[in-house]
Amino acid sequence: MDYPKTSLVANGILAVQETGSTNQDLLALADSKNHPEFFTLITEYQTAGRGRLDRKWQANPGSSVMASVLLRPSFKDPTGIGWLSLMMAEAIRTALAGLGIESKIKWPNDVLVGGLKISGVLAEANSDLSAVVVGFGINVTQTAKELPTSSATSLLIAGATSVDRDALLAETLRSFKDLYLELLDAGGDAEASALRARIISSSATIGELVEVSFPDGTSAVGEAVAIDEGGRLQVSTSAKTLSVSAGDVLHLRTAKRED
Ligand code: BT5
């Protein structure tokens with residue numbers, strides 16, 4: 001498939017029919033320094049699509065938008081990097097709103113429609129943090145049977161038929177670029193760029209009773225009360241307020257309603 005609209009927004013694109021993982025490929029390309037910021041790698045199918053924590057992202061050929069964008073952040077404030085996944089989720093939310101689909105952001109990297117996951121974002125950096133790749137998948141034409149889990153949904157299921165995947169990707173990148181350049185102008189300070197306020201107003205997680213599962217296997221239950229200046233989720237438990245930078249979040253009231 002061709003991506004003429006995306007070409008106008010990205011700073012160079014490469015669209016491949018199939019690959020292992022666009023994030024993995026773009027991280028490898030980033031090291032050569034030949035590719036500029038906003039260079040975008042797109043594919044129709046991934047054989048080893050990555051989620052966080054060694055999980056998989058699965059989508060059948062041609063069913064989705066799957067792409068990774070290259071950034072070379074020069075924030076004076078390193079907390080800026082913590083915001084990149086949320087920023088892409090907000091850009092996707094904005095692009096979906098343009099199609100008439102209301103969505104919310106589930107901290108740290110999901111976009112939900114009606115409580116179900118329509119999109120996931122994965123930001124990965126190279127070892128010296130000189131390049132960051134932000135990859136995302138948006139489910140477009142999958143039927144319920146074609147989706148990998150019952151907690152997933154697609155634009156088709158949400159009622160948006162005949163979606164132009166090129167236009168959706170172009171709008172997502174346009175919106176991301178605006179947010180990123182604002183954050184850059186503010187030196188990486190999410191407060192000054194109003195990014196934090198915007199993410200909070202789009203959040204499905206703030207105000208929820210959540211169970212956070214940490215990468216070390218421990219977990220905690222509390223109310224998600226805020227997102228701090230570094231993009232970390234603040235969870236108020238009976239003992240103390242936790243500042244969570246990495247973990248999985250289960251919205252307990254929603255999970256109960258779905259039982
Ligand atoms: C994510 O991880 O949601 C990040 C997904 C990022 C995918 C993009 S595609 C382009 C780029 N290249 C890559 O290799 N990756 C990025 P996480 O929060 O860990 O969620 C993973 C979980 O989401 C899986 O364990 C499944 O339960 C679920 N899942 C997998 N495929 C899905 C899909 N198509 N729709 C909804 N949920 C899915």
# chains A, B, ... in the order shown; residues from 1 in each chain; ligands from 1
call {"tool": "select_by_dssp", "arguments": {"residues": "range 19-119 of chain A", "states": "strand (DSSP E)", "output": "list in words"}}
result
Thr19, Thr40, Leu41, Ile42, Thr43, Glu44, Tyr45, Gln46, Ser64, Val65, Met66, Ala67, Ser68, Val69, Leu70, Leu71, Lys104, Ile105, Lys106, Asp110, Val111, Leu112, Val113, Leu116, Lys117, Ile118 and Ser119 of chain A
call {"tool": "residues_near_ligand", "arguments": {"ligand": "ligand 1", "cutoff": "9 Å", "atoms": "only C-alpha atoms and all ligand atoms", "output": "PyMOL selection string"}}
result
chain A and resi 20-26+41-43+46-60+64-68+108-111+116-123+133-139+142+146-154+248
call {"tool": "closest_residue", "arguments": {"among": "A:Leu29, A:Trp107, A:Leu195, A:Ser85", "to": "Glu182 in chain A", "atoms": "only C-alpha atoms"}}
result
A:Leu195
call {"tool": "select_by_dssp", "arguments": {"residues": "range 8-223 of chain A", "states": "alpha helix (DSSP H)", "output": "PyMOL selection string"}}
result
chain A and resi 8-9+22-30+84-98+165-185+195-201
call {"tool": "closest_atom_pairs", "arguments": {"of": "range 149-236 of chain A", "to": "range 94-106 of chain A", "cutoff": "6 Å", "atoms": "only C-alpha atoms", "output": "Markdown table"}}
result
| residue | atom | partner | partner_atom | distance |
| --- | --- | --- | --- | --- |
| A:Glu171 | CA | A:Ala95 | CA | 5.5 |
| A:Thr172 | CA | A:Ala95 | CA | 5.3 |
| A:Ser202 | CA | A:Lys104 | CA | 5.4 |
| A:Ser203 | CA | A:Ile105 | CA | 4.7 |
| A:Ala204 | CA | A:Lys106 | CA | 5.3 |
| A:Thr205 | CA | A:Lys106 | CA | 5.5 |
call {"tool": "write_last_selection", "arguments": {"atoms": "C-alpha atoms", "output": "PDB file, in the first residue's frame"}}
result
ATOM      1  CA  GLU A 171      -3.429  12.745  11.053  1.00  0.00           C
ATOM      2  CA  THR A 172      -1.818  10.841  13.929  1.00  0.00           C
ATOM      3  CA  SER A 202      -7.950  12.435  28.085  1.00  0.00           C
ATOM      4  CA  SER A 203      -7.148   9.881  30.771  1.00  0.00           C
ATOM      5  CA  ALA A 204      -9.365   6.884  31.475  1.00  0.00           C
ATOM      6  CA  THR A 205      -7.114   6.027  34.434  1.00  0.00           C
TER       7      THR A 205
END
call {"tool": "residues_around", "arguments": {"residues": "Ile157 in chain A", "least_positions_apart": "6", "cutoff": "9 Å", "atoms": "only C-alpha atoms", "output": "ChimeraX atom specification"}}
result
/A:140-144
call {"tool": "closest_residue", "arguments": {"among": "A:Ile200, A:Leu242, A:Arg72, A:Asp2", "to": "Asn126 in chain A", "atoms": "only C-alpha atoms"}}
result
A:Arg72
